[in-house]
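Here's final_31.tsv, which has TSV, C-alpha atoms:
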chain	number	residue	atom	x	y	z
A	1148	MET	CA	56.19	-60.79	-15.31
A	1149	LYS	CA	55.99	-57.51	-17.13
A	1150	GLN	CA	52.24	-57.34	-16.65
A	1151	ILE	CA	52.49	-57.99	-12.88
A	1152	TYR	CA	55.11	-55.22	-12.46
A	1153	THR	CA	52.88	-52.69	-14.22
A	1154	GLU	CA	49.84	-53.46	-12.02
A	1155	GLY	CA	51.98	-53.07	-8.90
A	1156	ASN	CA	53.06	-49.57	-9.96
A	1157	ALA	CA	49.43	-48.64	-10.65
A	1158	ARG	CA	48.40	-49.68	-7.15
A	1159	LYS	CA	51.28	-47.64	-5.68
A	1160	GLY	CA	50.15	-44.54	-7.59
A	1161	LYS	CA	46.66	-44.81	-6.11
A	1162	GLU	CA	47.88	-44.83	-2.49
A	1163	ILE	CA	47.41	-41.56	-0.51
A	1164	ASN	CA	50.59	-39.94	0.72
A	1165	PHE	CA	49.56	-38.73	4.24
A	1166	GLN	CA	53.01	-37.38	4.96
A	1167	TRP	CA	52.76	-34.98	2.04
A	1168	PHE	CA	49.30	-33.84	3.18
A	1169	LEU	CA	50.49	-33.15	6.74
A	1170	ASP	CA	53.54	-31.26	5.50
A	1171	LYS	CA	51.36	-28.97	3.39
A	1172	LEU	CA	48.94	-28.47	6.33
A	1173	PHE	CA	51.63	-27.45	8.81
A	1174	VAL	CA	53.19	-25.08	6.32
A	1175	HIS	CA	50.00	-22.94	6.41
A	1176	TRP	CA	49.20	-23.43	10.12
A	1177	LYS	CA	49.15	-19.69	10.76
A	1178	LEU	CA	46.47	-19.20	8.12
A	1179	PHE	CA	44.31	-21.93	9.64
A	1180	ILE	CA	44.58	-20.45	13.14
A	1181	LEU	CA	43.73	-17.01	11.76
A	1182	CYS	CA	40.60	-18.35	10.05
A	1183	ILE	CA	39.50	-20.13	13.22
A	1184	CYS	CA	39.97	-16.98	15.33
A	1185	LEU	CA	38.19	-14.88	12.74
A	1186	GLY	CA	35.22	-17.28	12.68
A	1187	LEU	CA	34.95	-17.32	16.45
A	1188	GLY	CA	35.10	-13.53	16.54
A	1189	ILE	CA	32.35	-13.17	13.95
A	1190	GLY	CA	30.20	-15.65	15.86
A	1191	TYR	CA	30.69	-13.75	19.12
A	1192	VAL	CA	29.79	-10.42	17.54
A	1193	TYR	CA	26.69	-11.93	15.93
A	1194	LEU	CA	25.49	-13.48	19.19
A	1195	ARG	CA	26.35	-10.33	21.15
A	1196	TYR	CA	24.56	-7.81	18.95
A	1197	SER	CA	21.83	-9.81	17.21
A	1198	THR	CA	18.28	-9.66	18.55
A	1199	GLN	CA	17.45	-12.75	20.57
A	1200	VAL	CA	14.10	-14.48	19.96
A	1201	TYR	CA	12.58	-16.39	22.88
A	1202	ASN	CA	10.15	-19.28	22.51
A	1203	ILE	CA	7.64	-18.82	25.35
A	1204	GLY	CA	5.07	-21.51	26.07
A	1205	ALA	CA	2.01	-22.17	28.21
A	1206	THR	CA	-0.36	-25.11	28.65
A	1207	ILE	CA	-4.06	-24.80	29.45
A	1208	VAL	CA	-6.94	-27.21	29.94
A	1209	LEU	CA	-10.16	-26.38	28.12
A	1210	LYS	CA	-13.52	-27.28	29.60
A	1211	ASP	CA	-15.05	-29.52	26.94
A	1212	ASN	CA	-17.76	-32.17	27.34
A	1213	LYS	CA	-16.72	-34.15	24.28
A	1214	ARG	CA	-13.21	-34.75	25.62
A	1215	GLY	CA	-13.86	-35.34	29.28
A	1216	GLY	CA	-14.44	-31.78	30.49
A	1217	MET	CA	-17.43	-30.70	32.57
A	1218	GLY	CA	-19.55	-27.60	32.19
A	1219	ASN	CA	-21.01	-25.45	34.95
A	1220	SER	CA	-23.48	-27.36	37.08
A	1221	GLU	CA	-25.66	-24.25	37.22
A	1222	LEU	CA	-26.29	-24.58	33.47
A	1223	SER	CA	-27.13	-28.29	33.51
A	1224	VAL	CA	-30.87	-27.60	33.67
A	1225	PHE	CA	-30.75	-25.43	30.56
A	1226	GLU	CA	-28.51	-27.94	28.77
A	1227	SER	CA	-30.94	-30.81	29.48
A	1228	MET	CA	-33.74	-28.71	27.99
A	1229	GLY	CA	-31.67	-28.03	24.87
A	1230	LEU	CA	-31.56	-24.26	25.50
A	1231	ILE	CA	-27.76	-24.16	25.86
A	1232	ASN	CA	-25.30	-26.22	23.86
A	1233	SER	CA	-22.00	-26.64	25.75
A	1234	ASN	CA	-20.51	-29.39	23.57
A	1235	ASN	CA	-17.92	-27.17	21.96
A	1236	ASN	CA	-14.97	-29.19	20.74
A	1237	VAL	CA	-11.39	-28.25	21.44
A	1238	ASP	CA	-10.68	-27.29	17.84
A	1239	ASN	CA	-13.29	-24.52	18.02
A	1240	GLU	CA	-11.87	-23.25	21.29
A	1241	VAL	CA	-8.37	-23.18	19.81
A	1242	GLU	CA	-9.68	-20.99	17.01
A	1243	MET	CA	-11.13	-18.65	19.62
A	1244	LEU	CA	-7.77	-18.46	21.40
A	1245	VAL	CA	-6.00	-17.28	18.26
A	1246	SER	CA	-8.79	-14.98	17.05
A	1247	ARG	CA	-7.70	-11.48	16.13
A	1248	ASN	CA	-10.36	-9.79	18.27
A	1249	LEU	CA	-9.15	-11.55	21.41
A	1250	ILE	CA	-5.49	-10.82	20.65
A	1251	GLU	CA	-6.27	-7.18	19.92
A	1252	GLY	CA	-8.01	-6.96	23.29
A	1253	VAL	CA	-4.85	-8.27	24.97
A	1254	VAL	CA	-2.73	-5.71	23.12
A	1255	ARG	CA	-5.01	-2.89	24.26
A	1256	GLU	CA	-5.20	-3.95	27.92
A	1257	LEU	CA	-1.41	-4.34	28.23
A	1258	ASN	CA	-0.63	-1.25	26.13
A	1259	LEU	CA	1.56	-3.43	23.92
A	1260	TYR	CA	1.17	-1.06	20.98
A	1261	THR	CA	3.74	1.29	22.57
A	1262	TYR	CA	7.43	0.43	22.03
A	1263	TYR	CA	10.40	2.01	23.84
A	1264	ILE	CA	13.88	1.81	22.31
A	1265	VAL	CA	17.25	3.17	23.45
A	1266	LYS	CA	19.75	3.80	20.66
A	1267	GLY	CA	23.19	2.29	21.23
A	1268	ARG	CA	26.46	2.43	19.33
A	1269	PHE	CA	26.09	-1.01	17.76
A	1270	LYS	CA	22.74	-2.29	18.99
A	1271	ASP	CA	19.38	-0.82	19.96
A	1272	THR	CA	17.91	-1.92	23.29
A	1273	GLU	CA	14.18	-2.36	23.68
A	1274	LEU	CA	12.71	-1.51	27.09
A	1275	TYR	CA	9.66	-3.18	28.58
A	1276	SER	CA	8.64	-2.50	32.17
A	1277	SER	CA	11.58	-2.94	34.56
A	1278	GLY	CA	14.65	-5.06	33.96
A	1279	ASN	CA	18.40	-5.29	34.15
A	1280	TYR	CA	19.15	-3.10	31.15
A	1281	LYS	CA	22.51	-1.60	30.33
A	1282	TYR	CA	21.32	2.02	30.26
A	1283	TYR	CA	18.16	2.11	32.39
A	1284	ASN	CA	16.66	-0.07	35.12
A	1285	THR	CA	13.18	0.89	33.98
A	1286	ILE	CA	11.48	3.10	31.39
A	1287	PRO	CA	12.53	6.65	32.32
A	1288	VAL	CA	9.50	8.37	30.74
A	1289	SER	CA	6.23	6.58	29.97
A	1290	VAL	CA	4.15	7.81	27.04
A	1291	TYR	CA	0.34	7.48	27.02
A	1292	LEU	CA	-2.05	8.34	24.21
A	1293	ASP	CA	-5.71	8.62	25.18
A	1294	GLN	CA	-7.83	5.64	24.13
A	1295	SER	CA	-10.07	7.53	21.73
A	1296	SER	CA	-7.00	8.74	19.83
A	1297	VAL	CA	-5.53	5.22	19.80
A	1298	ASP	CA	-8.70	3.93	18.14
A	1299	LYS	CA	-8.31	6.52	15.38
A	1300	LEU	CA	-4.63	5.84	14.60
A	1301	VAL	CA	-3.96	5.17	10.91
A	1302	ALA	CA	-0.17	5.52	11.04
A	1303	VAL	CA	2.70	5.20	13.50
A	1304	LEU	CA	3.21	8.02	16.00
A	1305	SER	CA	7.00	8.37	16.44
A	1306	LEU	CA	8.50	10.37	19.30
A	1307	ASN	CA	12.09	11.11	20.31
A	1308	LEU	CA	12.79	12.20	23.89
A	1309	GLU	CA	16.08	13.92	24.69
A	1310	ASN	CA	17.49	15.44	27.86
A	1311	VAL	CA	18.91	18.82	26.84
A	1312	SER	CA	20.52	20.62	29.80
A	1313	GLY	CA	17.88	19.40	32.23
A	1314	LYS	CA	14.98	20.06	29.87
A	1315	THR	CA	13.08	17.42	27.95
A	1316	ARG	CA	12.87	17.92	24.21
A	1317	VAL	CA	10.24	15.90	22.38
A	1318	TRP	CA	10.15	15.76	18.61
A	1319	GLY	CA	8.78	13.35	16.07
A	1320	THR	CA	6.22	12.73	13.35
A	1321	TYR	CA	2.75	11.35	12.80
A	1322	GLY	CA	2.53	10.38	9.17
A	1323	THR	CA	3.85	13.42	7.31
A	1324	ILE	CA	3.11	15.91	10.12
A	1325	GLY	CA	6.02	16.78	12.40
A	1326	PHE	CA	6.22	18.36	15.85
A	1327	ASP	CA	8.97	19.66	18.15
A	1328	LYS	CA	8.50	20.94	21.69
A	1329	GLU	CA	10.57	21.42	24.84
A	1330	PHE	CA	9.37	20.97	28.44
A	1331	SER	CA	11.11	22.32	31.51
A	1332	SER	CA	9.58	19.63	33.74
A	1333	LEU	CA	7.49	16.47	33.57
A	1334	PRO	CA	4.70	15.28	33.65
A	1335	ALA	CA	3.43	17.23	30.68
A	1336	ILE	CA	0.89	17.05	27.88
A	1337	LEU	CA	2.13	17.04	24.28
A	1338	GLU	CA	-0.31	18.03	21.54
A	1339	THR	CA	0.16	16.10	18.31
A	1340	ALA	CA	-1.82	15.50	15.14
A	1341	ALA	CA	-2.75	12.06	16.52
A	1342	GLY	CA	-4.05	13.45	19.84
A	1343	ASN	CA	-2.87	14.53	23.27
A	1344	VAL	CA	0.08	12.54	24.65
A	1345	LEU	CA	0.86	12.30	28.36
A	1346	LEU	CA	4.56	12.23	29.30
A	1347	GLN	CA	4.90	10.62	32.74
A	1348	PRO	CA	8.36	10.30	34.39
A	1349	SER	CA	9.07	7.09	36.25
A	1350	GLY	CA	10.48	8.84	39.33
A	1351	VAL	CA	13.14	6.13	39.59
A	1352	THR	CA	15.34	6.61	36.54
A	1353	ASP	CA	16.07	9.94	34.85
A	1354	LEU	CA	16.40	10.39	31.11
A	1355	LEU	CA	20.13	10.51	30.32
A	1356	GLU	CA	21.56	13.04	27.86
A	1357	GLU	CA	23.79	10.49	26.14
A	1358	TYR	CA	20.99	7.93	25.74
A	1359	PRO	CA	17.81	9.46	24.24
A	1360	LEU	CA	14.60	7.48	24.14
A	1361	GLN	CA	12.66	6.55	21.01
A	1362	VAL	CA	8.94	5.79	21.39
A	1363	SER	CA	6.64	4.37	18.71
A	1364	ILE	CA	2.87	4.07	19.13
A	1365	TYR	CA	1.34	1.71	16.56
A	1366	PRO	CA	-2.31	1.10	15.68
A	1367	PRO	CA	-3.34	-1.85	17.90
A	1368	VAL	CA	-4.47	-3.88	14.90
A	1369	TYR	CA	-0.91	-3.81	13.52
A	1370	ILE	CA	0.51	-5.25	16.74
A	1371	ALA	CA	-2.32	-7.79	16.97
A	1372	LYS	CA	-1.39	-9.11	13.52
A	1373	HIS	CA	2.26	-9.22	14.61
A	1374	PHE	CA	1.45	-11.38	17.65
A	1375	LEU	CA	-0.95	-13.50	15.61
A	1376	SER	CA	1.82	-14.37	13.16
A	1377	ARG	CA	4.08	-15.52	16.03
A	1378	LEU	CA	1.47	-17.31	18.12
A	1379	ASN	CA	0.74	-21.01	17.78
A	1380	ALA	CA	-1.96	-23.01	19.57
A	1381	GLU	CA	-2.47	-26.73	19.15
A	1382	SER	CA	-4.05	-29.61	20.99
A	1383	THR	CA	-1.64	-32.07	22.55
A	1384	SER	CA	-3.74	-35.05	21.35
A	1385	LYS	CA	-7.19	-35.88	20.01
A	1386	THR	CA	-8.24	-37.59	23.23
A	1387	THR	CA	-7.55	-34.71	25.63
A	1388	SER	CA	-8.62	-31.09	26.01
A	1389	VAL	CA	-5.11	-29.80	26.77
A	1390	VAL	CA	-3.88	-27.00	24.50
A	1391	ARG	CA	-0.28	-25.90	24.21
A	1392	LEU	CA	0.41	-22.23	23.43
A	1393	SER	CA	3.77	-21.07	22.08
A	1394	LEU	CA	4.90	-17.56	21.22
A	1395	LYS	CA	8.09	-16.31	19.60
A	1396	GLU	CA	8.96	-12.97	21.17
A	1397	THR	CA	12.03	-10.74	21.33
A	1398	HIS	CA	11.30	-9.76	24.95
A	1399	CYS	CA	10.78	-12.56	27.46
A	1400	LYS	CA	8.73	-10.61	30.02
A	1401	ARG	CA	6.45	-9.17	27.36
A	1402	GLY	CA	5.79	-12.63	25.96
A	1403	GLU	CA	4.95	-14.02	29.41
A	1404	ALA	CA	2.61	-11.11	30.11
A	1405	PHE	CA	0.92	-11.59	26.74
A	1406	LEU	CA	0.19	-15.31	27.26
A	1407	SER	CA	-1.05	-14.75	30.83
A	1408	LYS	CA	-3.43	-12.01	29.73
A	1409	LEU	CA	-4.55	-14.06	26.71
A	1410	VAL	CA	-5.64	-16.96	28.94
A	1411	GLU	CA	-7.26	-14.55	31.41
A	1412	MET	CA	-9.30	-12.80	28.71
A	1413	TYR	CA	-10.28	-16.11	27.10
A	1414	ASN	CA	-11.70	-17.33	30.42
A	1415	ARG	CA	-13.43	-14.01	30.99
A	1416	ASP	CA	-15.04	-14.01	27.53
A	1417	ALA	CA	-16.13	-17.63	27.94
A	1418	MET	CA	-17.83	-16.84	31.25
A	1419	GLU	CA	-19.51	-13.78	29.76
A	1420	ASP	CA	-20.87	-15.85	26.86
A	1421	LYS	CA	-22.23	-18.49	29.25
A	1422	ASN	CA	-23.81	-15.85	31.48
A	1423	LYS	CA	-25.43	-14.17	28.49
A	1424	ALA	CA	-26.73	-17.47	27.17
A	1425	ALA	CA	-28.13	-18.43	30.58
A	1426	SER	CA	-29.73	-15.01	31.04
A	1427	ASN	CA	-31.31	-15.10	27.59
A	1428	ALA	CA	-32.57	-18.62	28.23
A	1429	ALA	CA	-34.11	-17.55	31.54
A	1430	HIS	CA	-35.88	-14.58	29.93
A	1431	PHE	CA	-37.10	-16.74	27.11
A	1432	ILE	CA	-38.46	-19.38	29.50
A	1433	ASN	CA	-40.30	-16.74	31.52
A	1434	ASP	CA	-41.87	-15.28	28.37
A	1435	ARG	CA	-42.73	-18.74	27.14
A	1436	LEU	CA	-44.43	-19.69	30.43
A	1437	VAL	CA	-46.68	-16.67	30.16
A	1438	TYR	CA	-47.91	-17.72	26.70
A	1439	ILE	CA	-48.25	-21.37	27.74
A	1440	ASN	CA	-50.40	-20.41	30.74
A	1441	GLU	CA	-52.62	-18.33	28.50
A	1442	ASP	CA	-52.93	-21.19	26.00
A	1443	LEU	CA	-53.77	-23.70	28.75
A	1444	ASN	CA	-56.42	-21.42	30.18
A	1445	ASN	CA	-57.96	-20.98	26.75
A	1446	VAL	CA	-57.95	-24.74	26.15
A	1447	GLU	CA	-59.59	-25.44	29.51
A	1448	MET	CA	-62.26	-22.82	28.81
A	1449	ASP	CA	-62.95	-24.37	25.38
A	1450	ILE	CA	-63.26	-27.85	26.91
A	1451	GLU	CA	-65.59	-26.57	29.58
A	1452	ALA	CA	-67.74	-24.79	27.01
A	1453	TYR	CA	-67.81	-27.93	24.85
A	1454	LYS	CA	-69.01	-29.99	27.81
A	1455	ARG	CA	-71.79	-27.53	28.59
A	1456	GLU	CA	-72.99	-27.35	25.00
A	1457	ASN	CA	-73.07	-31.13	24.61
A	1458	ARG	CA	-74.18	-31.82	28.19
A	1459	LEU	CA	-71.32	-34.20	28.83
A	1460	THR	CA	-71.41	-35.28	32.47
A	1461	ASP	CA	-70.78	-39.00	32.26
A	1462	ILE	CA	-67.11	-39.94	32.89
A	1463	GLY	CA	-67.17	-42.90	30.56
A	1464	LEU	CA	-68.63	-40.85	27.71
A	1465	GLU	CA	-65.95	-38.16	28.26
A	1466	SER	CA	-63.19	-40.79	28.06
A	1467	GLN	CA	-64.53	-42.08	24.76
A	1468	LEU	CA	-64.63	-38.55	23.37
A	1469	ILE	CA	-61.00	-37.95	24.39
A	1470	LEU	CA	-59.95	-41.02	22.43
A	1471	GLY	CA	-62.09	-40.07	19.44
A	1472	GLU	CA	-61.16	-38.32	16.23
A	1473	ASP	CA	-62.60	-35.01	17.32
A	1474	ASN	CA	-60.34	-34.89	20.34
A	1475	GLU	CA	-57.31	-35.87	18.22
A	1476	TYR	CA	-58.14	-32.99	15.91
A	1477	GLU	CA	-58.19	-30.68	18.91
A	1478	LYS	CA	-54.76	-31.99	19.95
A	1479	GLN	CA	-53.29	-31.32	16.54
A	1480	LEU	CA	-54.80	-27.87	16.50
A	1481	VAL	CA	-53.33	-27.02	19.89
A	1482	ARG	CA	-49.91	-28.41	18.87
A	1483	ILE	CA	-49.85	-26.37	15.67
A	1484	GLY	CA	-50.96	-23.28	17.56
A	1485	THR	CA	-48.15	-23.79	20.07
A	1486	GLN	CA	-45.63	-24.11	17.24
A	1487	MET	CA	-46.90	-20.86	15.72
A	1488	GLU	CA	-46.57	-19.07	19.05
A	1489	LEU	CA	-43.02	-20.39	19.46
A	1490	LEU	CA	-42.13	-19.16	15.98
A	1491	ASN	CA	-43.49	-15.71	16.82
A	1492	LEU	CA	-41.45	-15.68	20.04
A	1493	LEU	CA	-38.33	-16.75	18.19
A	1494	ARG	CA	-38.88	-14.06	15.56
A	1495	ASP	CA	-39.08	-11.40	18.29
A	1496	GLU	CA	-35.94	-12.85	19.92
A	1497	VAL	CA	-34.04	-12.62	16.61
A	1498	LYS	CA	-35.01	-8.97	16.23
A	1499	ARG	CA	-33.75	-8.20	19.73
A	1500	ALA	CA	-30.55	-10.19	19.14
A	1501	GLU	CA	-29.76	-8.19	15.99
A	1502	MET	CA	-29.81	-4.98	18.03
A	1503	THR	CA	-28.04	-6.26	21.17
A	1504	GLU	CA	-25.87	-9.08	19.72
A	1505	ASN	CA	-27.39	-11.59	22.16
A	1506	LEU	CA	-27.27	-15.36	21.68
A	1507	LEU	CA	-30.40	-17.28	20.70
A	1508	PRO	CA	-31.60	-20.31	22.70
A	1509	ALA	CA	-30.41	-23.45	20.92
A	1510	ASN	CA	-33.75	-25.29	21.24
A	1511	VAL	CA	-37.08	-23.58	21.87
A	1512	GLY	CA	-39.23	-26.66	21.43
A	1513	LEU	CA	-39.73	-26.49	17.66
A	1514	SER	CA	-39.89	-29.80	15.83
A	1515	ASP	CA	-38.02	-28.62	12.72
A	1516	PRO	CA	-34.36	-29.89	12.89
A	1517	GLY	CA	-33.27	-27.50	10.15
A	1518	LEU	CA	-34.30	-24.53	12.27
A	1519	ALA	CA	-32.30	-25.82	15.25
A	1520	GLU	CA	-29.22	-26.15	13.02
A	1521	ALA	CA	-29.72	-22.61	11.71
A	1522	ILE	CA	-29.91	-21.26	15.29
A	1523	GLN	CA	-26.67	-23.05	16.17
A	1524	LYS	CA	-24.89	-21.55	13.13
A	1525	TYR	CA	-26.26	-18.11	13.99
A	1526	ASN	CA	-24.86	-18.32	17.55

For this file, write the structure as structure tokens.
Amino acid sequence: MKQIYTEGNARKGKEINFQWFLDKLFVHWKLFILCICLGLGIGYVYLRYSTQVYNIGATIVLKDNKRGGMGNSELSVFESMGLINSNNNVDNEVEMLVSRNLIEGVVRELNLYTYYIVKGRFKDTELYSSGNYKYYNTIPVSVYLDQSSVDKLVAVLSLNLENVSGKTRVWGTYGTIGFDKEFSSLPAILETAAGNVLLQPSGVTDLLEEYPLQVSIYPPVYIAKHFLSRLNAESTSKTTSVVRLSLKETHCKRGEAFLSKLVEMYNRDAMEDKNKAASNAAHFINDRLVYINEDLNNVEMDIEAYKRENRLTDIGLESQLILGEDNEYEKQLVRIGTQMELLNLLRDEVKRAEMTENLLPANVGLSDPGLAEAIQKYN
């Protein structure tokens, strides 16, 4: 009996007293409510003043023969002859979409290397084109640096535009070199160490005294690397030629404009490459036909001279000679001579391609498979 009584007390001690827990909780109810309100307030401030990042996407279909796509019908003749190879797989095209040269071209065409920022009390606002901004409906003063100066940028050109009693004061730095100038009216040209800068007013929104404008002009390669780090391109599956593009961007309109221009420039570059390849193939075929006609004329003249020397007039005797070893030797000689002429033509084409960056025909009729592979790698 004593042992049973002891075990019962032990089980009672292990039971949780919920009444005691609730009493302690309600005693400090004010502290709990304060913590909840404080947490909600911090969350609101963070969401209100933190920079939002948008995930912008686009889907495109690549023209690819290996995955069901079709090339241009105009190039089918060249493709059947082996002069143009259009069997580019989707993986290669994805690499082209995210290449730095293509992205840098998009940055240059859209002038994405120029950033406009309005300083606020708690948060800076970035302006891009027109929008429903708190301070301005559009960029009050656009800043343009001539293209030759943009290509030579090695540092950030920083400008500050202020409205001082109706006049526009512009000051800033380029590297370690500063500048400060005041204009009574706009448009105007500002001379800086980086080059001449055009200040163009929008004509819709004036620059406000209480909200100055900060402008930064970056080297395009810097911005291209920035977009490249935030851009992702991947195929939806291995059986289709659909590619999904996604971009993380702090400004929604800028991200949409970037993806639209990226697809546009990709299509434009692809068409230019095909046109160049077709043009080079056409020139090569024309040059090749000239040499082939000359070779055929020479062969016919040699055959005619051979007939005269050997007085071959009987048709049966001529047929036997064609099937003989001498005629086979002539065939081999002509074939080797044709290969040598093709090599000479290809050598001249390579020299021209090095100077003009043209593409080489994928197959010029040479029997060496290693040479065809080398031409494909070169292109």

| Spatial neighbours of A:Lys1328, 9 Å, all atoms listed in the file, chain gap at least 2 places, as a PyMOL selection string | chain A and resi 1315-1318+1326+1330+1337

| task | May I ask for the distance between atom CA of A:Val1497 and atom CA of A:Asn1248, given in Å to one decimal place? | result |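 Computing it gives 23.9 Å between the two atoms.
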
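Straight-line separation from atom CA of A:Pro1366 to atom CA of A:Gly1319: 16.5 Å.
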
| query | Counting only C-alpha atoms, which of A:Asp1298, A:Val1311, A:Asp1293, A:Leu1378 gets nearest to A:Thr1339? | reply |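 Smallest separation from A:Thr1339 among the options: A:Asp1293.
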
| said: One number please: atom CA of A:Gln1361 to atom CA of A:Asn1202, in Å, one decimal. | reply: 26.0 Å

| said: So that I can see what lies close to A:Ser1407, please list as a list in words the residues with an atom at most 9 Å from it, counting all atoms listed in the file and leaving out residues fewer than 5 positions away in the same chain. | reply: Ala1205, Gly1402 and Met1412 of chain A

| said: Given only C-alpha atoms as the basis, pick out the residue of A:Asn1258, A:Ser1312, A:Thr1285, A:Thr1383 nearest to A:Tyr1365. | reply: A:Asn1258

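If you count all atoms listed in the file and ignore residues fewer than 4 places along the chain from A:His1398, what sits within 9 Å of it is Gln1199, Val1200, Tyr1201, Glu1273, Leu1274, Tyr1275, Gly1402 and Glu1403 of chain A.
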
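Restricting the calculation to all atoms listed in the file, the smallest distance between A:Tyr1282 and any of A:Val1254, A:Leu1360, A:Val1390, A:Ile1522 is found for A:Leu1360.
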